[in-house]
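Working notes, beginning with the structure itself.
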Amino acid sequence: MNKFAFIMHPIVADDVARKFSFTRSWSDTAKERLVKYLPPFKISHITGVKSEHAEIEGYFVACPLTSGQLLGGVPAEEALKKIIRAGKVAERLGAQIVGLGALTSVVGDAGLTVAEELKIGVTTGNSFTVATALMASRLAAQKMGVDMDRAKVAVVGASGSIGQVCSRLLAREVEQLVLVARNLERLHKVAERIREESGRAAQISDDVTKALSEADIVIAVTSSLDFVVDPLSLKPGAVVCDVARPRDVSEEVARLRDDILIVDGGVVDVPGDVNFNFNFGFPPKTSYACMAETMILALEGKLGDYSLGRDIRLEQVEEITRLAEKHGFKLSGFRSFERAVSDEHIAAIRSRARQVAASRA
Ligand SMILES: NC(=O)c1ccc[n+]([C@@H]2O[C@H](COP(=O)([O-])OP(=O)(O)OC[C@H]3O[C@@H](n4cnc5c(N)ncnc54)[C@H](OP(=O)(O)O)[C@@H]3O)[C@@H](O)[C@H]2O)c1
């Protein structure tokens, strides 16, 4: 039976209490101090992942650093060293491939150095994350009655590993595409590539609020530690797919705006009688897309490196989509801020959006 591992880290200091309940009453600073000095360790044994073709087992391994510590709170070399040590824990557990979760795939060169230092295969999971972000956005748009081909679609974080491939694939089907991030030069390069590949002219913008005020569909996939979507900037009836961890959209947006649909990108149903033996905030038998990619590769016996670096190949997105289907991984029902989103809820958002739009006309 092939074995995989997946490296996780506490997104915020509060997550530390998910594993160490005795820290529940501690301050964030105290929790951060504790994790900083902890070595990587096995969180849980994952059993029951089974497709029609194969069965695998795996492990969650902790890289004890919070999002803030991974992106600047500790020196970059220290963060990278800890991710590599977490990879070595995965090796010792017998894993043949390891996935890099959340910001462990963003630090440094998106997995390339980590892969050089490990004997086993490494993936960021970004190919399947792209595939599911696009599937979720298309389905959410359809349910909100937004015609994706004609809509104005904004990708926030469009020069990043995930955002860039999302944008290149969207350019094949969307007429009005807006690429958003802080560095215009990098965005310009993505727009050039899109023009060469699809003949389409994508707009670029470093003004998130303005770009979002005109968008019908927003795919948010930045590596920002802070929320980037301003609740008041969005159009009534807009669809927002938040792929980022930490999130780009605050729960306040959902509270203040009952006329827009916000869905989590990349929630996937995992085949088999799966037990993760750890609560990471999702319903049983569902995972993030990046975790799913690691499991799909282990089931398929593709145990070498896969999605690495900031230039993910379109063919890999297509291949992992085929393999996901083969092994029975499916996009899960919509979730928003750790709650399921029903069709009735979407109908209420649509009706509210019509009222708001009429009152503004
Ligand atoms: N849901 C899942 O299954 C899943 C799987 C993998 C990764 N992720 C998450 O996806 C996110 C992106 O990962 P990645 O590997 O694509 O990261 P990346 O390669 O570092 O790209 C990040 C992008 O965000 C932009 N950005 C950063 N801060 C910004 C800000 N304040 N405002 C606007 N744009 C900003 C960057 O451009 P500038 O620097 O020019 O602004 C860049 O375009 C991370 O949060 C990661 O944890 C989720």
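Residues in the structure tokens are numbered from 1 in each chain, the chains being A, B, ... in the order shown, and ligands are numbered from 1 in the order shown.
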Closest pair table for chain A residues within 6 Å of ligand 1, only C-alpha atoms and all ligand atoms, as JSON lines:
{"residue": "A:Ala102", "atom": "CA", "partner": "ligand 1", "partner_atom_place_in_ligand_line": "47 (O)", "distance": 3.4}
{"residue": "A:Leu103", "atom": "CA", "partner": "ligand 1", "partner_atom_place_in_ligand_line": "47 (O)", "distance": 4.5}
{"residue": "A:Ser105", "atom": "CA", "partner": "ligand 1", "partner_atom_place_in_ligand_line": "15 (O)", "distance": 5.9}
{"residue": "A:Val106", "atom": "CA", "partner": "ligand 1", "partner_atom_place_in_ligand_line": "15 (O)", "distance": 4.7}
{"residue": "A:Asn126", "atom": "CA", "partner": "ligand 1", "partner_atom_place_in_ligand_line": "6 (C)", "distance": 5.3}
{"residue": "A:Thr129", "atom": "CA", "partner": "ligand 1", "partner_atom_place_in_ligand_line": "3 (O)", "distance": 5.2}
{"residue": "A:Val156", "atom": "CA", "partner": "ligand 1", "partner_atom_place_in_ligand_line": "34 (N)", "distance": 5.8}
{"residue": "A:Gly157", "atom": "CA", "partner": "ligand 1", "partner_atom_place_in_ligand_line": "43 (O)", "distance": 3.4}
{"residue": "A:Ala158", "atom": "CA", "partner": "ligand 1", "partner_atom_place_in_ligand_line": "43 (O)", "distance": 4.7}
{"residue": "A:Ser159", "atom": "CA", "partner": "ligand 1", "partner_atom_place_in_ligand_line": "43 (O)", "distance": 3.6}
{"residue": "A:Gly160", "atom": "CA", "partner": "ligand 1", "partner_atom_place_in_ligand_line": "21 (O)", "distance": 3.1}
{"residue": "A:Ser161", "atom": "CA", "partner": "ligand 1", "partner_atom_place_in_ligand_line": "16 (O)", "distance": 3.8}
{"residue": "A:Ile162", "atom": "CA", "partner": "ligand 1", "partner_atom_place_in_ligand_line": "16 (O)", "distance": 3.8}
{"residue": "A:Gly163", "atom": "CA", "partner": "ligand 1", "partner_atom_place_in_ligand_line": "16 (O)", "distance": 5.6}
{"residue": "A:Ala181", "atom": "CA", "partner": "ligand 1", "partner_atom_place_in_ligand_line": "34 (N)", "distance": 3.7}
{"residue": "A:Arg182", "atom": "CA", "partner": "ligand 1", "partner_atom_place_in_ligand_line": "41 (O)", "distance": 3.6}
{"residue": "A:Asn183", "atom": "CA", "partner": "ligand 1", "partner_atom_place_in_ligand_line": "40 (O)", "distance": 3.6}
{"residue": "A:Val221", "atom": "CA", "partner": "ligand 1", "partner_atom_place_in_ligand_line": "11 (C)", "distance": 4.7}
{"residue": "A:Thr222", "atom": "CA", "partner": "ligand 1", "partner_atom_place_in_ligand_line": "24 (O)", "distance": 3.2}
{"residue": "A:Ser223", "atom": "CA", "partner": "ligand 1", "partner_atom_place_in_ligand_line": "45 (O)", "distance": 4.2}
{"residue": "A:Ser224", "atom": "CA", "partner": "ligand 1", "partner_atom_place_in_ligand_line": "28 (N)", "distance": 3.9}
{"residue": "A:Val228", "atom": "CA", "partner": "ligand 1", "partner_atom_place_in_ligand_line": "32 (N)", "distance": 5.9}
{"residue": "A:Val243", "atom": "CA", "partner": "ligand 1", "partner_atom_place_in_ligand_line": "1 (N)", "distance": 4.5}
{"residue": "A:Ala244", "atom": "CA", "partner": "ligand 1", "partner_atom_place_in_ligand_line": "45 (O)", "distance": 3.5}
{"residue": "A:Arg245", "atom": "CA", "partner": "ligand 1", "partner_atom_place_in_ligand_line": "45 (O)", "distance": 3.9}
{"residue": "A:Pro246", "atom": "CA", "partner": "ligand 1", "partner_atom_place_in_ligand_line": "45 (O)", "distance": 5.4}
{"residue": "A:Gly265", "atom": "CA", "partner": "ligand 1", "partner_atom_place_in_ligand_line": "1 (N)", "distance": 5.6}
{"residue": "A:Gly266", "atom": "CA", "partner": "ligand 1", "partner_atom_place_in_ligand_line": "1 (N)", "distance": 4.8}
{"residue": "A:Tyr288", "atom": "CA", "partner": "ligand 1", "partner_atom_place_in_ligand_line": "3 (O)", "distance": 4.2}
{"residue": "A:Ala289", "atom": "CA", "partner": "ligand 1", "partner_atom_place_in_ligand_line": "3 (O)", "distance": 4.1}
{"residue": "A:Cys290", "atom": "CA", "partner": "ligand 1", "partner_atom_place_in_ligand_line": "3 (O)", "distance": 4.5}
{"residue": "A:Arg310", "atom": "CA", "partner": "ligand 1", "partner_atom_place_in_ligand_line": "19 (O)", "distance": 5.8}
Resulting file, chosen residues, N, CA and C atoms, as a short mmCIF file (atom, residue, chain, number, x, y, z; two decimals), in the first residue's frame:
data_model
loop_
_atom_site.label_atom_id
_atom_site.label_comp_id
_atom_site.auth_asym_id
_atom_site.auth_seq_id
_atom_site.Cartn_x
_atom_site.Cartn_y
_atom_site.Cartn_z
N ALA A 102 -1.00 24.81 2.83
CA ALA A 102 -1.14 26.27 3.06
C ALA A 102 0.18 27.01 2.76
N LEU A 103 0.70 27.77 3.71
CA LEU A 103 1.84 28.63 3.38
C LEU A 103 3.18 27.89 3.34
N SER A 105 3.77 25.88 1.19
CA SER A 105 4.03 25.82 -0.26
C SER A 105 4.33 27.20 -0.85
N VAL A 106 4.18 28.24 -0.05
CA VAL A 106 4.38 29.61 -0.55
C VAL A 106 5.78 30.12 -0.20
N ASN A 126 -0.83 22.44 -5.96
CA ASN A 126 -1.41 23.61 -6.63
C ASN A 126 -2.16 23.28 -7.93
N THR A 129 -5.59 22.37 -6.92
CA THR A 129 -6.20 23.57 -6.31
C THR A 129 -6.73 24.48 -7.42
N VAL A 156 -7.55 37.83 -7.98
CA VAL A 156 -6.70 38.60 -7.07
C VAL A 156 -5.58 37.68 -6.59
N GLY A 157 -4.34 38.08 -6.93
CA GLY A 157 -3.18 37.20 -6.71
C GLY A 157 -2.81 36.53 -8.03
N ALA A 158 -3.10 37.24 -9.14
CA ALA A 158 -3.01 36.65 -10.48
C ALA A 158 -1.58 36.40 -10.94
N SER A 159 -0.59 36.93 -10.22
CA SER A 159 0.80 36.65 -10.63
C SER A 159 1.40 35.53 -9.81
N GLY A 160 0.61 34.91 -8.90
CA GLY A 160 1.13 33.85 -8.05
C GLY A 160 1.05 32.49 -8.72
N SER A 161 1.53 31.49 -8.01
CA SER A 161 1.57 30.13 -8.55
C SER A 161 0.17 29.67 -8.97
N ILE A 162 -0.80 29.80 -8.08
CA ILE A 162 -2.16 29.34 -8.38
C ILE A 162 -2.88 30.35 -9.27
N GLY A 163 -2.78 31.64 -8.91
CA GLY A 163 -3.52 32.69 -9.63
C GLY A 163 -3.13 32.79 -11.10
N ALA A 181 -3.00 42.31 -8.42
CA ALA A 181 -1.97 42.04 -7.38
C ALA A 181 -1.30 43.38 -7.10
N ARG A 182 -0.23 43.39 -6.30
CA ARG A 182 0.40 44.67 -5.98
C ARG A 182 1.47 45.06 -7.00
N ASN A 183 2.18 44.06 -7.53
CA ASN A 183 3.30 44.35 -8.43
C ASN A 183 2.84 44.33 -9.89
N VAL A 221 -6.92 34.59 -4.40
CA VAL A 221 -5.88 33.58 -4.16
C VAL A 221 -4.54 34.25 -3.86
N THR A 222 -4.57 35.20 -2.92
CA THR A 222 -3.32 35.87 -2.57
C THR A 222 -2.63 35.13 -1.41
N SER A 223 -1.38 35.52 -1.16
CA SER A 223 -0.67 34.97 0.00
C SER A 223 -0.64 36.00 1.12
N SER A 224 -1.58 36.95 1.08
CA SER A 224 -1.60 38.01 2.08
C SER A 224 -1.96 37.44 3.46
N VAL A 228 -8.00 40.93 2.07
CA VAL A 228 -7.78 41.89 0.99
C VAL A 228 -9.09 42.37 0.35
N VAL A 243 -9.87 31.07 -2.22
CA VAL A 243 -9.00 29.89 -2.23
C VAL A 243 -7.89 30.05 -1.18
N ALA A 244 -7.63 31.29 -0.78
CA ALA A 244 -6.45 31.57 0.05
C ALA A 244 -6.59 31.05 1.48
N ARG A 245 -5.47 30.63 2.05
CA ARG A 245 -5.37 30.25 3.46
C ARG A 245 -4.10 30.85 4.00
N PRO A 246 -4.08 31.84 4.88
CA PRO A 246 -5.25 32.46 5.49
C PRO A 246 -6.17 33.10 4.44
N GLY A 265 -12.88 27.95 -1.94
CA GLY A 265 -12.39 27.20 -3.10
C GLY A 265 -11.72 25.95 -2.62
N GLY A 266 -11.85 24.88 -3.39
CA GLY A 266 -11.01 23.71 -3.11
C GLY A 266 -11.44 22.79 -1.99
N TYR A 288 -8.96 19.64 1.71
CA TYR A 288 -8.53 20.70 0.80
C TYR A 288 -8.06 20.05 -0.49
N ALA A 289 -8.11 20.83 -1.58
CA ALA A 289 -7.68 20.31 -2.88
C ALA A 289 -6.20 19.92 -2.88
N CYS A 290 -5.39 20.69 -2.16
CA CYS A 290 -3.94 20.38 -2.16
C CYS A 290 -3.67 19.05 -1.45
N ARG A 310 6.76 28.26 -9.30
CA ARG A 310 5.65 29.20 -9.52
C ARG A 310 5.14 29.16 -10.96
#
Note to self: Using only C-alpha atoms, which protein or nucleic acid residues come within 7 Å of A:Tyr59? Drop anything in the same chain fewer than 4 positions from it, and give the result as a list in words.
What the structure shows: Phe4, Ala5, Phe6, Lys42, Ser44, His45 and Ile46 of chain A
Next item on the list: Using only C-alpha atoms, find the one residue out of A:Ile11, A:Ile84, A:Thr123, A:Ser137 that sits nearest to A:Ala110.
Entry: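 Closest to A:Ala110 of all the choices is A:Thr123.
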Notebook entry, point to check: Got a sec: who's within 10 Å of A:Gly199, counting only C-alpha atoms, leaving out chain neighbours fewer than 5 positions off, as a PyMOL selection string?
Noted result: chain A and resi 171-172+192-194
Save the residues we just selected, N, CA and C atoms, as a JSON list (two decimals), in the first residue's frame?
[["chain", "number", "residue", "atom", "x", "y", "z"],
["A", 171, "ALA", "N", -8.68, 32.63, -19.35],
["A", 171, "ALA", "CA", -8.59, 33.44, -20.58],
["A", 171, "ALA", "C", -9.13, 32.69, -21.79],
["A", 172, "ARG", "N", -9.17, 31.35, -21.70],
["A", 172, "ARG", "CA", -9.71, 30.56, -22.82],
["A", 172, "ARG", "C", -11.22, 30.72, -22.96],
["A", 192, "GLU", "N", 0.91, 39.44, -20.84],
["A", 192, "GLU", "CA", 1.62, 39.19, -22.11],
["A", 192, "GLU", "C", 1.50, 37.72, -22.51],
["A", 193, "ARG", "N", 1.73, 36.86, -21.51],
["A", 193, "ARG", "CA", 1.68, 35.41, -21.77],
["A", 193, "ARG", "C", 0.27, 35.00, -22.23],
["A", 194, "ILE", "N", -0.72, 35.60, -21.58],
["A", 194, "ILE", "CA", -2.11, 35.30, -21.94],
["A", 194, "ILE", "C", -2.39, 35.75, -23.38]]
Checklist line | Residue among A:Ile217, A:Ala30, A:Leu225, A:Ile349 lying closest to A:Ala151, counting only C-alpha atoms | finding: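 The closest residue to A:Ala151 is A:Ile217.
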